[in-house]
Amino acid sequence: MPFQVFEAKAVSILSSTSGFIQQAGFTHSLTPARNCTFGCSYCYVPTMRVYGGLKPQDWSHWGQFTTFKSNAPALLRRQLHASQVIYCSPLVDPYQPAEETQRMMPQILDELEAHPPKIFVIQTRGPLILRDLEKLIELSRYTSLRVSFSITTNREEVRKLYEPHCATISERIETVRRLREAGIETFATLAPLLPCDPEELAALALEATCSDIIVDPLHIRAVKPRGATTQEAAFAISRRHEFSAWLEPEFQAEVIVRIGRTVTKAGRRFASGIEGFGWLAQ
């Protein structure tokens, strides 16, 4: 996918949390860029518009470019302190495709090591995180480091429909395994849940990690009347391929129950929403 990469100075790099992330227990969020070059069809961020710190060109051309916060390391140097519980990131994947050449995350990890917060959580679906594995291992000596790795389906044909610019499911499972084997506390986060075989997806997640399983379905207005929600593009894909049931509350609830049965049978915990994401902040 062709995309453009820009840079701009930011006023701040750490934001005090609100809403879902705050309720989960995080004090701050860290977003290294604006706009994400994964460009997933369902991403809720463009629906937030100015409330997500976006500009009109961001939500109208989502995924086509990204703007990195060029002074992020210098800002972190001044803003980090030991009591913070930081989520990276609710608005952009820190290991999006553009990060491969930009290399912002190694600089951020260096600042975190020099000024460690209480807890630092990386939310990603990008195997590029393995590039920084040695830095992550080192950082884990100074802070409670956790990786929440998104695995959305076990069906590769579904992955290609909804998130064609993301890594394959097998690559993502292998990334989780390698992080776990390196001693990084890694959660397989089944979010957002795309059409899948629930029991098989749960089994994949259980095999890849030794942590509890976090689940979250696609956002829908019937359940979440305000704030961010799934983009229309994902609804269109669902209608075209007869997956509309996956955006119905009752169907989503049943899928979560099925995943839960498999997870609890294996002796692990599972949870969705604030409870599940709250485990990352504990």
# chains A, B, ... in the order shown; residues from 1 in each chain; ligands from 1
>>> residues_around(residues="Tyr44 in chain A", least_positions_apart="3", cutoff="10 Å", atoms="only C-alpha atoms", output="MDAnalysis selection string")
chainID A and resid 40:41 47:49 52 90:91 218:219 227:232
>>> write_last_selection(atoms="all heavy atoms", output="short mmCIF file (atom, residue, chain, number, x, y, z; two decimals), in the first residue's frame")
data_model
loop_
_atom_site.label_atom_id
_atom_site.label_comp_id
_atom_site.auth_asym_id
_atom_site.auth_seq_id
_atom_site.Cartn_x
_atom_site.Cartn_y
_atom_site.Cartn_z
N CYS A 40 -6.99 -0.05 8.66
CA CYS A 40 -7.99 -1.12 8.80
C CYS A 40 -9.40 -0.59 8.55
O CYS A 40 -9.74 0.52 8.97
CB CYS A 40 -7.90 -1.73 10.19
SG CYS A 40 -6.29 -2.49 10.54
N SER A 41 -10.20 -1.40 7.90
CA SER A 41 -11.54 -0.96 7.47
C SER A 41 -12.45 -0.61 8.64
O SER A 41 -13.36 0.21 8.51
CB SER A 41 -12.21 -2.06 6.65
OG SER A 41 -12.43 -3.22 7.44
N THR A 47 -13.60 7.84 13.33
CA THR A 47 -14.94 8.28 13.73
C THR A 47 -14.89 9.26 14.90
O THR A 47 -15.87 9.92 15.19
CB THR A 47 -15.83 7.08 14.11
OG1 THR A 47 -15.40 6.52 15.36
CG2 THR A 47 -15.79 5.99 13.04
N MET A 48 -13.72 9.36 15.56
CA MET A 48 -13.57 10.29 16.67
C MET A 48 -13.31 11.72 16.19
O MET A 48 -13.52 12.68 16.92
CB MET A 48 -12.42 9.84 17.58
CG MET A 48 -12.65 8.49 18.22
SD MET A 48 -11.18 7.90 19.12
CE MET A 48 -11.16 9.05 20.50
N ARG A 49 -12.77 11.83 14.98
CA ARG A 49 -12.48 13.13 14.37
C ARG A 49 -11.67 14.02 15.30
O ARG A 49 -10.65 13.59 15.83
CB ARG A 49 -13.77 13.78 13.89
CG ARG A 49 -14.50 12.86 12.89
CD ARG A 49 -15.41 13.58 11.96
NE ARG A 49 -15.83 12.69 10.90
CZ ARG A 49 -16.47 13.07 9.80
NH1 ARG A 49 -16.80 14.35 9.65
NH2 ARG A 49 -16.79 12.19 8.88
N GLY A 52 -10.31 12.79 18.59
CA GLY A 52 -9.17 11.90 18.57
C GLY A 52 -7.89 12.61 18.17
O GLY A 52 -6.90 11.96 17.84
N PRO A 90 -3.96 4.29 22.01
CA PRO A 90 -5.37 4.14 21.65
C PRO A 90 -5.74 4.70 20.28
O PRO A 90 -6.83 4.46 19.79
CB PRO A 90 -6.08 4.93 22.76
CG PRO A 90 -5.10 5.99 23.14
CD PRO A 90 -3.75 5.34 23.02
N LEU A 91 -4.82 5.45 19.66
CA LEU A 91 -5.18 6.19 18.44
C LEU A 91 -4.39 5.79 17.20
O LEU A 91 -4.75 6.19 16.09
CB LEU A 91 -5.01 7.70 18.68
CG LEU A 91 -5.84 8.27 19.82
CD1 LEU A 91 -5.49 9.75 20.03
CD2 LEU A 91 -7.33 8.11 19.54
N LEU A 218 -16.44 -5.94 17.63
CA LEU A 218 -16.52 -4.67 16.91
C LEU A 218 -17.51 -3.74 17.60
O LEU A 218 -18.55 -4.18 18.07
CB LEU A 218 -16.96 -4.91 15.46
CG LEU A 218 -15.93 -5.54 14.53
CD1 LEU A 218 -16.61 -6.11 13.29
CD2 LEU A 218 -14.87 -4.52 14.12
N HIS A 219 -17.16 -2.46 17.68
CA HIS A 219 -18.07 -1.48 18.29
C HIS A 219 -19.30 -1.30 17.40
O HIS A 219 -19.19 -1.20 16.19
CB HIS A 219 -17.38 -0.13 18.44
CG HIS A 219 -16.21 -0.16 19.37
ND1 HIS A 219 -16.31 -0.48 20.70
CD2 HIS A 219 -14.89 0.10 19.16
CE1 HIS A 219 -15.13 -0.43 21.27
NE2 HIS A 219 -14.25 -0.07 20.37
N GLY A 227 -19.55 8.20 21.29
CA GLY A 227 -18.11 8.07 21.12
C GLY A 227 -17.72 7.29 19.88
O GLY A 227 -18.47 7.17 18.91
N ALA A 228 -16.50 6.73 19.92
CA ALA A 228 -15.93 6.04 18.76
C ALA A 228 -16.74 4.80 18.40
O ALA A 228 -17.31 4.14 19.27
CB ALA A 228 -14.49 5.65 19.07
N THR A 229 -16.77 4.48 17.12
CA THR A 229 -17.49 3.30 16.67
C THR A 229 -16.84 2.76 15.41
O THR A 229 -15.96 3.38 14.82
CB THR A 229 -18.98 3.61 16.44
OG1 THR A 229 -19.69 2.38 16.27
CG2 THR A 229 -19.17 4.48 15.20
N THR A 230 -17.30 1.60 14.96
CA THR A 230 -16.76 0.97 13.76
C THR A 230 -17.07 1.80 12.52
O THR A 230 -18.18 2.31 12.37
CB THR A 230 -17.37 -0.45 13.61
OG1 THR A 230 -17.01 -1.22 14.76
CG2 THR A 230 -16.85 -1.14 12.36
N GLN A 231 -16.09 1.89 11.63
CA GLN A 231 -16.29 2.64 10.39
C GLN A 231 -17.30 1.95 9.47
O GLN A 231 -17.44 0.73 9.47
CB GLN A 231 -14.97 2.76 9.62
CG GLN A 231 -13.96 3.71 10.20
CD GLN A 231 -12.79 3.89 9.26
OE1 GLN A 231 -12.82 4.73 8.38
NE2 GLN A 231 -11.77 3.07 9.45
N GLU A 232 -17.95 2.74 8.64
CA GLU A 232 -18.93 2.23 7.69
C GLU A 232 -18.31 1.22 6.73
O GLU A 232 -18.98 0.29 6.27
CB GLU A 232 -19.56 3.39 6.92
CG GLU A 232 -20.48 2.98 5.77
CD GLU A 232 -21.61 2.04 6.20
OE1 GLU A 232 -22.08 2.15 7.35
OE2 GLU A 232 -22.00 1.19 5.37
#
>>> residues_around(residues="Val121 in chain A", least_positions_apart="4", cutoff="6 Å", atoms="only C-alpha atoms", output="PyMOL selection string")
chain A and resi 87-88+145-147
>>> select_by_dssp(residues="range 40-267 of chain A", states="helix (DSSP H, G or I)", output="PyMOL selection string")
chain A and resi 45-52+56-60+72-79+99-102+104-114+127-139+156-162+169-181+198-208+232-240+244-247+249-265
>>> closest_residue(among="A:Gln123, A:Ser144, A:Asn35, A:Gln23", to="Trp62 in chain A", atoms="only C-alpha atoms")
A:Asn35
>>> residues_around(residues="Thr17 in chain A", least_positions_apart="6", cutoff="12 Å", atoms="only C-alpha atoms", output="tab-separated table (two decimals) with N, CA and C atoms, in the first residue's frame")
chain	number	residue	atom	x	y	z
A	23	GLN	N	-10.99	4.16	32.67
A	23	GLN	CA	-11.72	3.19	33.48
A	23	GLN	C	-10.97	1.87	33.59
A	24	ALA	N	-10.16	1.55	32.58
A	24	ALA	CA	-9.36	0.33	32.63
A	24	ALA	C	-8.18	0.45	33.57
A	25	GLY	N	-7.85	1.68	33.99
A	25	GLY	CA	-6.80	1.86	34.98
A	25	GLY	C	-5.56	2.58	34.50
A	26	PHE	N	-5.58	3.08	33.26
A	26	PHE	CA	-4.41	3.80	32.75
A	26	PHE	C	-4.49	5.28	33.12
A	27	THR	N	-3.34	5.84	33.45
A	27	THR	CA	-3.29	7.27	33.79
A	27	THR	C	-2.98	8.13	32.57
A	28	HIS	N	-2.22	7.56	31.61
A	28	HIS	CA	-1.80	8.33	30.44
A	28	HIS	C	-1.79	7.45	29.19
A	29	SER	N	-1.93	8.09	28.05
A	29	SER	CA	-1.75	7.41	26.77
A	29	SER	C	-0.60	8.08	26.02
A	30	LEU	N	0.07	7.30	25.21
A	30	LEU	CA	1.19	7.78	24.41
A	30	LEU	C	0.90	7.44	22.96
A	31	THR	N	0.78	8.46	22.12
A	31	THR	CA	0.49	8.25	20.70
A	31	THR	C	1.62	8.86	19.88
A	52	GLY	N	-10.31	12.79	18.59
A	52	GLY	CA	-9.17	11.90	18.57
A	52	GLY	C	-7.89	12.61	18.17
A	84	GLN	N	3.29	6.76	36.53
A	84	GLN	CA	2.39	6.69	35.37
A	84	GLN	C	2.12	5.25	34.92
A	85	VAL	N	0.90	5.03	34.49
A	85	VAL	CA	0.48	3.76	33.87
A	85	VAL	C	0.07	4.13	32.44
A	86	ILE	N	0.90	3.76	31.48
A	86	ILE	CA	0.82	4.32	30.12
A	86	ILE	C	0.36	3.27	29.11
A	87	TYR	N	-0.60	3.68	28.28
A	87	TYR	CA	-1.12	2.83	27.20
A	87	TYR	C	-0.66	3.41	25.86
A	88	CYS	N	0.02	2.59	25.07
A	88	CYS	CA	0.56	3.02	23.78
A	88	CYS	C	0.08	2.07	22.69
A	89	SER	N	-0.97	2.37	21.95
A	89	SER	CA	-1.59	3.66	21.89
A	89	SER	C	-3.05	3.46	21.52
A	90	PRO	N	-3.96	4.29	22.01
A	90	PRO	CA	-5.37	4.14	21.65
A	90	PRO	C	-5.74	4.70	20.28
>>> atom_distance(atom1="CA of Arg131 in chain A", atom2="CA of Asp58 in chain A")
27.5 Å
>>> closest_atom_pairs(of="range 34-95 of chain A", to="range 162-179 of chain A", cutoff="10 Å", atoms="only C-alpha atoms", output="CSV")
residue,atom,partner,partner_atom,distance
A:Thr37,CA,A:His165,CA,8.2
A:Phe38,CA,A:His165,CA,5.5
A:Gly39,CA,A:His165,CA,7.2
A:Cys40,CA,A:Glu163,CA,4.8
A:Ser41,CA,A:Tyr162,CA,5.4
A:Tyr42,CA,A:Tyr162,CA,7.0
A:Cys43,CA,A:Glu163,CA,9.5
A:Gly63,CA,A:His165,CA,9.6
>>> residues_around(residues="range 206-211 of chain A", least_positions_apart="4", cutoff="12 Å", atoms="only C-alpha atoms", output="compact mmCIF listing (two decimals) with all heavy atoms, in the first residue's frame")
# COMPACT_ATOMS: atom_id res chain seq x y z
N ARG A 146 4.15 -4.69 29.29
CA ARG A 146 3.22 -5.68 28.74
C ARG A 146 2.94 -5.36 27.29
O ARG A 146 2.85 -4.19 26.91
CB ARG A 146 1.90 -5.66 29.54
CG ARG A 146 2.13 -6.16 30.95
CD ARG A 146 0.94 -5.98 31.85
NE ARG A 146 1.37 -6.26 33.23
CZ ARG A 146 1.04 -5.55 34.28
NH1 ARG A 146 0.26 -4.50 34.14
NH2 ARG A 146 1.47 -5.88 35.48
N VAL A 147 2.78 -6.41 26.50
CA VAL A 147 2.38 -6.27 25.11
C VAL A 147 1.01 -6.91 24.94
O VAL A 147 0.79 -8.06 25.33
CB VAL A 147 3.39 -6.93 24.14
CG1 VAL A 147 2.86 -6.90 22.72
CG2 VAL A 147 4.73 -6.22 24.22
N SER A 148 0.08 -6.15 24.39
CA SER A 148 -1.24 -6.66 24.04
C SER A 148 -1.27 -6.78 22.52
O SER A 148 -1.29 -5.78 21.81
CB SER A 148 -2.32 -5.69 24.53
OG SER A 148 -3.59 -6.05 24.04
N PHE A 149 -1.22 -8.02 22.04
CA PHE A 149 -1.09 -8.24 20.60
C PHE A 149 -2.43 -8.66 20.00
O PHE A 149 -3.02 -9.66 20.41
CB PHE A 149 -0.03 -9.31 20.31
CG PHE A 149 0.60 -9.17 18.95
CD1 PHE A 149 1.76 -8.43 18.77
CD2 PHE A 149 -0.01 -9.74 17.85
CE1 PHE A 149 2.31 -8.27 17.51
CE2 PHE A 149 0.53 -9.59 16.59
CZ PHE A 149 1.70 -8.85 16.41
N ILE A 151 -5.10 -10.23 17.73
CA ILE A 151 -5.37 -11.32 16.78
C ILE A 151 -6.87 -11.32 16.56
O ILE A 151 -7.64 -11.56 17.48
CB ILE A 151 -4.88 -12.67 17.35
CG1 ILE A 151 -3.38 -12.59 17.66
CG2 ILE A 151 -5.17 -13.80 16.36
CD1 ILE A 151 -2.87 -13.74 18.48
N ILE A 169 -2.27 -14.04 9.96
CA ILE A 169 -2.56 -14.58 11.29
C ILE A 169 -1.38 -15.42 11.78
O ILE A 169 -0.98 -15.33 12.95
CB ILE A 169 -3.84 -15.42 11.26
CG1 ILE A 169 -5.04 -14.56 10.79
CG2 ILE A 169 -4.13 -16.03 12.63
CD1 ILE A 169 -5.26 -13.31 11.58
N SER A 170 -0.80 -16.23 10.91
CA SER A 170 0.33 -17.07 11.33
C SER A 170 1.51 -16.22 11.77
O SER A 170 2.20 -16.57 12.74
CB SER A 170 0.73 -18.03 10.20
OG SER A 170 1.13 -17.31 9.06
N GLU A 171 1.77 -15.12 11.09
CA GLU A 171 2.87 -14.22 11.50
C GLU A 171 2.59 -13.62 12.87
O GLU A 171 3.50 -13.45 13.69
CB GLU A 171 3.05 -13.11 10.47
CG GLU A 171 3.66 -13.55 9.16
CD GLU A 171 3.72 -12.42 8.15
OE1 GLU A 171 2.65 -11.84 7.84
OE2 GLU A 171 4.82 -12.12 7.67
N ARG A 172 1.34 -13.29 13.11
CA ARG A 172 1.00 -12.68 14.39
C ARG A 172 1.11 -13.68 15.54
O ARG A 172 1.64 -13.35 16.62
CB ARG A 172 -0.40 -12.06 14.30
CG ARG A 172 -0.37 -10.75 13.51
CD ARG A 172 -1.59 -10.50 12.67
NE ARG A 172 -2.66 -9.85 13.39
CZ ARG A 172 -3.69 -9.25 12.79
NH1 ARG A 172 -3.77 -9.23 11.47
NH2 ARG A 172 -4.64 -8.69 13.50
N ILE A 173 0.67 -14.91 15.30
CA ILE A 173 0.80 -15.94 16.32
C ILE A 173 2.27 -16.20 16.62
O ILE A 173 2.68 -16.32 17.79
CB ILE A 173 0.11 -17.25 15.86
CG1 ILE A 173 -1.42 -17.06 15.79
CG2 ILE A 173 0.47 -18.41 16.77
CD1 ILE A 173 -2.09 -16.86 17.12
N GLU A 174 3.10 -16.25 15.59
CA GLU A 174 4.54 -16.48 15.79
C GLU A 174 5.17 -15.32 16.55
O GLU A 174 6.07 -15.53 17.39
CB GLU A 174 5.22 -16.66 14.43
CG GLU A 174 6.72 -16.88 14.52
CD GLU A 174 7.11 -18.12 15.29
OE1 GLU A 174 6.28 -19.05 15.45
OE2 GLU A 174 8.26 -18.17 15.77
N THR A 175 4.72 -14.10 16.30
CA THR A 175 5.24 -12.94 17.02
C THR A 175 4.92 -13.04 18.51
O THR A 175 5.78 -12.78 19.36
CB THR A 175 4.65 -11.64 16.45
OG1 THR A 175 5.00 -11.53 15.07
CG2 THR A 175 5.17 -10.42 17.19
N VAL A 176 3.69 -13.42 18.83
CA VAL A 176 3.31 -13.60 20.23
C VAL A 176 4.19 -14.66 20.89
O VAL A 176 4.68 -14.48 22.01
CB VAL A 176 1.82 -13.98 20.34
CG1 VAL A 176 1.46 -14.39 21.77
CG2 VAL A 176 0.94 -12.82 19.88
N ARG A 177 4.42 -15.77 20.19
CA ARG A 177 5.27 -16.83 20.74
C ARG A 177 6.68 -16.31 21.04
O ARG A 177 7.25 -16.58 22.09
CB ARG A 177 5.37 -18.00 19.75
CG ARG A 177 4.14 -18.87 19.65
CD ARG A 177 4.49 -20.21 19.03
NE ARG A 177 3.29 -21.00 18.77
CZ ARG A 177 2.71 -21.13 17.58
NH1 ARG A 177 3.22 -20.49 16.54
NH2 ARG A 177 1.63 -21.87 17.43
N ARG A 178 7.24 -15.57 20.10
CA ARG A 178 8.61 -15.08 20.28
C ARG A 178 8.72 -14.07 21.41
O ARG A 178 9.69 -14.07 22.16
CB ARG A 178 9.13 -14.51 18.96
CG ARG A 178 9.42 -15.57 17.90
CD ARG A 178 10.06 -14.98 16.67
NE ARG A 178 11.33 -14.31 16.98
CZ ARG A 178 12.02 -13.62 16.09
NH1 ARG A 178 11.58 -13.50 14.84
NH2 ARG A 178 13.16 -13.04 16.43
N LEU A 179 7.72 -13.23 21.54
CA LEU A 179 7.71 -12.29 22.67
C LEU A 179 7.64 -13.03 23.99
O LEU A 179 8.38 -12.73 24.93
CB LEU A 179 6.54 -11.32 22.53
CG LEU A 179 6.63 -10.27 21.42
CD1 LEU A 179 5.27 -9.61 21.20
CD2 LEU A 179 7.68 -9.21 21.74
N ARG A 180 6.75 -14.01 24.05
CA ARG A 180 6.60 -14.81 25.27
C ARG A 180 7.90 -15.54 25.60
O ARG A 180 8.35 -15.54 26.75
CB ARG A 180 5.47 -15.82 25.08
CG ARG A 180 5.20 -16.73 26.29
CD ARG A 180 4.46 -17.97 25.89
NE ARG A 180 5.29 -18.83 25.05
CZ ARG A 180 4.83 -19.78 24.26
NH1 ARG A 180 3.53 -20.00 24.15
NH2 ARG A 180 5.65 -20.53 23.55
N GLU A 181 8.51 -16.15 24.60
CA GLU A 181 9.75 -16.90 24.82
C GLU A 181 10.89 -16.00 25.28
O GLU A 181 11.81 -16.46 25.97
CB GLU A 181 10.13 -17.65 23.54
CG GLU A 181 9.19 -18.81 23.24
CD GLU A 181 9.37 -19.37 21.84
OE1 GLU A 181 10.23 -18.84 21.09
OE2 GLU A 181 8.65 -20.33 21.49
N ALA A 182 10.81 -14.71 24.91
CA ALA A 182 11.84 -13.76 25.33
C ALA A 182 11.59 -13.23 26.74
O ALA A 182 12.37 -12.43 27.25
CB ALA A 182 11.90 -12.60 24.34
N GLY A 183 10.49 -13.66 27.36
CA GLY A 183 10.18 -13.23 28.72
C GLY A 183 9.34 -11.98 28.81
O GLY A 183 9.16 -11.44 29.90
N ILE A 184 8.81 -11.51 27.68
CA ILE A 184 7.94 -10.34 27.68
C ILE A 184 6.51 -10.78 28.01
O ILE A 184 5.99 -11.70 27.37
CB ILE A 184 7.95 -9.62 26.31
CG1 ILE A 184 9.37 -9.25 25.90
CG2 ILE A 184 7.05 -8.40 26.33
CD1 ILE A 184 10.07 -8.31 26.83
N GLU A 185 5.89 -10.16 28.99
CA GLU A 185 4.51 -10.50 29.35
C GLU A 185 3.59 -10.09 28.20
O GLU A 185 3.41 -8.90 27.93
CB GLU A 185 4.09 -9.80 30.63
CG GLU A 185 2.74 -10.25 31.15
CD GLU A 185 2.36 -9.62 32.47
OE1 GLU A 185 3.13 -8.78 32.98
OE2 GLU A 185 1.27 -9.96 32.98
N THR A 186 3.04 -11.09 27.52
CA THR A 186 2.31 -10.84 26.28
C THR A 186 0.91 -11.43 26.34
O THR A 186 0.74 -12.61 26.66
CB THR A 186 3.07 -11.43 25.07
OG1 THR A 186 4.41 -10.94 25.08
CG2 THR A 186 2.39 -11.06 23.76
N PHE A 187 -0.08 -10.60 26.01
CA PHE A 187 -1.47 -11.03 25.97
C PHE A 187 -1.91 -11.19 24.51
O PHE A 187 -1.62 -10.32 23.68
CB PHE A 187 -2.38 -10.00 26.64
CG PHE A 187 -2.26 -9.94 28.13
CD1 PHE A 187 -1.18 -9.30 28.73
CD2 PHE A 187 -3.23 -10.51 28.94
CE1 PHE A 187 -1.07 -9.22 30.11
CE2 PHE A 187 -3.12 -10.44 30.33
CZ PHE A 187 -2.04 -9.80 30.92
N ALA A 188 -2.58 -12.28 24.22
CA ALA A 188 -3.26 -12.42 22.93
C ALA A 188 -4.62 -11.76 23.10
O ALA A 188 -5.47 -12.23 23.86
CB ALA A 188 -3.41 -13.89 22.55
N THR A 189 -4.81 -10.64 22.42
CA THR A 189 -6.04 -9.86 22.56
C THR A 189 -6.88 -10.07 21.32
O THR A 189 -6.51 -9.64 20.22
CB THR A 189 -5.69 -8.37 22.76
OG1 THR A 189 -4.87 -8.24 23.93
CG2 THR A 189 -6.94 -7.54 22.93
N LEU A 190 -8.00 -10.73 21.48
CA LEU A 190 -8.88 -11.07 20.35
C LEU A 190 -9.80 -9.88 20.11
O LEU A 190 -10.96 -9.87 20.52
CB LEU A 190 -9.65 -12.34 20.65
CG LEU A 190 -8.80 -13.53 21.16
CD1 LEU A 190 -9.66 -14.76 21.36
CD2 LEU A 190 -7.64 -13.82 20.23
N GLU A 199 -13.97 -21.28 18.59
CA GLU A 199 -13.18 -22.25 19.35
C GLU A 199 -11.75 -22.37 18.80
O GLU A 199 -10.78 -22.48 19.56
CB GLU A 199 -13.86 -23.62 19.35
CG GLU A 199 -15.15 -23.66 20.16
CD GLU A 199 -16.36 -23.04 19.45
OE1 GLU A 199 -16.25 -22.77 18.23
OE2 GLU A 199 -17.40 -22.83 20.10
N GLU A 200 -11.62 -22.34 17.49
CA GLU A 200 -10.29 -22.45 16.89
C GLU A 200 -9.46 -21.20 17.16
O GLU A 200 -8.25 -21.29 17.42
CB GLU A 200 -10.41 -22.69 15.38
CG GLU A 200 -10.97 -24.06 15.03
CD GLU A 200 -11.00 -24.30 13.54
OE1 GLU A 200 -10.23 -23.64 12.81
OE2 GLU A 200 -11.81 -25.14 13.10
N LEU A 201 -10.08 -20.02 17.12
CA LEU A 201 -9.36 -18.79 17.43
C LEU A 201 -8.89 -18.80 18.88
O LEU A 201 -7.74 -18.44 19.18
CB LEU A 201 -10.26 -17.58 17.18
CG LEU A 201 -9.65 -16.21 17.52
CD1 LEU A 201 -8.36 -15.96 16.75
CD2 LEU A 201 -10.66 -15.09 17.25
N ALA A 202 -9.77 -19.24 19.78
CA ALA A 202 -9.38 -19.33 21.20
C ALA A 202 -8.23 -20.30 21.39
O ALA A 202 -7.29 -20.02 22.15
CB ALA A 202 -10.58 -19.75 22.04
N ILE A 259 -16.04 -18.52 22.97
CA ILE A 259 -14.60 -18.35 23.22
C ILE A 259 -14.31 -18.57 24.70
O ILE A 259 -13.33 -19.24 25.07
CB ILE A 259 -14.14 -16.95 22.77
CG1 ILE A 259 -14.17 -16.86 21.24
CG2 ILE A 259 -12.73 -16.64 23.30
CD1 ILE A 259 -13.90 -15.47 20.70
N GLY A 260 -15.16 -18.01 25.55
CA GLY A 260 -14.98 -18.15 26.99
C GLY A 260 -14.97 -19.60 27.45
O GLY A 260 -14.19 -19.98 28.33
N THR A 262 -13.98 -22.23 25.80
CA THR A 262 -12.70 -22.85 25.44
C THR A 262 -11.59 -22.37 26.34
O THR A 262 -10.74 -23.15 26.78
CB THR A 262 -12.37 -22.52 23.96
OG1 THR A 262 -13.43 -22.99 23.13
CG2 THR A 262 -11.05 -23.16 23.54
N VAL A 263 -11.59 -21.08 26.65
CA VAL A 263 -10.53 -20.51 27.48
C VAL A 263 -10.61 -21.03 28.92
O VAL A 263 -9.60 -21.45 29.51
CB VAL A 263 -10.59 -18.97 27.45
CG1 VAL A 263 -9.61 -18.36 28.46
CG2 VAL A 263 -10.30 -18.45 26.04
N THR A 264 -11.79 -21.02 29.50
CA THR A 264 -11.92 -21.47 30.89
C THR A 264 -11.68 -22.97 31.02
O THR A 264 -11.15 -23.43 32.03
CB THR A 264 -13.32 -21.12 31.44
OG1 THR A 264 -14.33 -21.62 30.56
CG2 THR A 264 -13.48 -19.61 31.57
N LYS A 265 -12.02 -23.72 29.99
CA LYS A 265 -11.74 -25.17 30.00
C LYS A 265 -10.24 -25.42 30.07
O LYS A 265 -9.80 -26.42 30.64
CB LYS A 265 -12.34 -25.82 28.76
CG LYS A 265 -12.24 -27.34 28.75
CD LYS A 265 -12.93 -27.92 27.53
CE LYS A 265 -12.82 -29.44 27.52
NZ LYS A 265 -13.49 -30.03 26.32
N ALA A 266 -9.48 -24.49 29.50
CA ALA A 266 -8.02 -24.62 29.53
C ALA A 266 -7.42 -24.07 30.82
O ALA A 266 -6.19 -24.07 30.99
CB ALA A 266 -7.43 -23.89 28.33
N GLY A 267 -8.27 -23.58 31.74
CA GLY A 267 -7.79 -23.09 33.02
C GLY A 267 -7.31 -21.65 33.00
O GLY A 267 -6.61 -21.21 33.93
N ARG A 268 -7.71 -20.90 31.98
CA ARG A 268 -7.32 -19.48 31.90
C ARG A 268 -8.55 -18.61 32.13
O ARG A 268 -9.69 -19.04 31.95
CB ARG A 268 -6.77 -19.15 30.52
CG ARG A 268 -5.64 -20.03 30.08
CD ARG A 268 -4.28 -19.46 30.31
NE ARG A 268 -3.34 -20.26 29.54
CZ ARG A 268 -2.88 -19.93 28.35
NH1 ARG A 268 -3.23 -18.78 27.81
NH2 ARG A 268 -2.06 -20.72 27.71
N ARG A 269 -8.30 -17.36 32.48
CA ARG A 269 -9.37 -16.37 32.57
C ARG A 269 -9.57 -15.72 31.22
O ARG A 269 -8.66 -15.64 30.39
CB ARG A 269 -9.03 -15.29 33.59
CG ARG A 269 -8.92 -15.72 35.02
CD ARG A 269 -8.74 -14.50 35.92
NE ARG A 269 -7.59 -13.69 35.53
CZ ARG A 269 -7.35 -12.46 35.99
NH1 ARG A 269 -8.19 -11.88 36.85
NH2 ARG A 269 -6.27 -11.79 35.59
N PHE A 270 -10.77 -15.22 31.00
CA PHE A 270 -11.02 -14.39 29.83
C PHE A 270 -12.01 -13.31 30.23
O PHE A 270 -12.82 -13.48 31.15
CB PHE A 270 -11.55 -15.20 28.64
CG PHE A 270 -13.05 -15.29 28.59
CD1 PHE A 270 -13.77 -14.52 27.68
CD2 PHE A 270 -13.74 -16.12 29.46
CE1 PHE A 270 -15.15 -14.59 27.65
CE2 PHE A 270 -15.11 -16.20 29.42
CZ PHE A 270 -15.82 -15.43 28.51
N GLY A 276 -11.28 -6.80 30.79
CA GLY A 276 -10.15 -7.43 30.12
C GLY A 276 -8.98 -6.48 29.96
O GLY A 276 -7.83 -6.81 30.29
N TRP A 279 -6.78 -5.73 32.97
CA TRP A 279 -5.68 -6.61 33.37
C TRP A 279 -4.33 -6.05 32.92
O TRP A 279 -3.32 -6.27 33.58
CB TRP A 279 -5.88 -7.99 32.75
CG TRP A 279 -7.06 -8.73 33.27
CD1 TRP A 279 -7.74 -8.49 34.45
CD2 TRP A 279 -7.73 -9.83 32.66
NE1 TRP A 279 -8.77 -9.39 34.59
CE2 TRP A 279 -8.79 -10.22 33.50
CE3 TRP A 279 -7.53 -10.55 31.48
CZ2 TRP A 279 -9.64 -11.27 33.20
CZ3 TRP A 279 -8.38 -11.59 31.16
CH2 TRP A 279 -9.43 -11.95 32.02
N LEU A 280 -4.33 -5.34 31.81
CA LEU A 280 -3.08 -4.79 31.30
C LEU A 280 -2.52 -3.71 32.22
O LEU A 280 -1.30 -3.48 32.24
CB LEU A 280 -3.31 -4.19 29.91
CG LEU A 280 -3.81 -5.13 28.82
CD1 LEU A 280 -4.19 -4.33 27.57
CD2 LEU A 280 -2.74 -6.18 28.49
>>> closest_residue(among="A:His61, A:Arg78, A:Arg125, A:Lys69", to="Ala8 in chain A", atoms="only C-alpha atoms")
A:Lys69
>>> atom_distance(atom1="CA of Cys36 in chain A", atom2="CA of Val92 in chain A")
5.3 Å
>>> closest_atom_pairs(of="range 173-240 of chain A", to="range 247-253 of chain A", cutoff="10 Å", atoms="only C-alpha atoms", output="Markdown table")
| residue | atom | partner | partner_atom | distance |
| --- | --- | --- | --- | --- |
| A:Leu193 | CA | A:Gln252 | CA | 8.5 |
| A:Leu194 | CA | A:Leu247 | CA | 9.3 |
| A:Pro195 | CA | A:Leu247 | CA | 9.7 |
| A:Asp216 | CA | A:Gln252 | CA | 9.2 |
| A:Pro217 | CA | A:Gln252 | CA | 6.5 |
| A:Leu218 | CA | A:Leu247 | CA | 6.8 |
| A:His219 | CA | A:Leu247 | CA | 8.0 |
| A:Ile220 | CA | A:Leu247 | CA | 6.7 |
| A:Arg221 | CA | A:Leu247 | CA | 9.7 |
| A:Ala222 | CA | A:Pro249 | CA | 7.3 |
| A:Val223 | CA | A:Pro249 | CA | 6.9 |
| A:Thr230 | CA | A:Leu247 | CA | 9.5 |
| A:Ala234 | CA | A:Leu247 | CA | 9.5 |
| A:Phe235 | CA | A:Leu247 | CA | 7.8 |
| A:Ser238 | CA | A:Leu247 | CA | 8.2 |
| A:Arg239 | CA | A:Leu247 | CA | 9.9 |
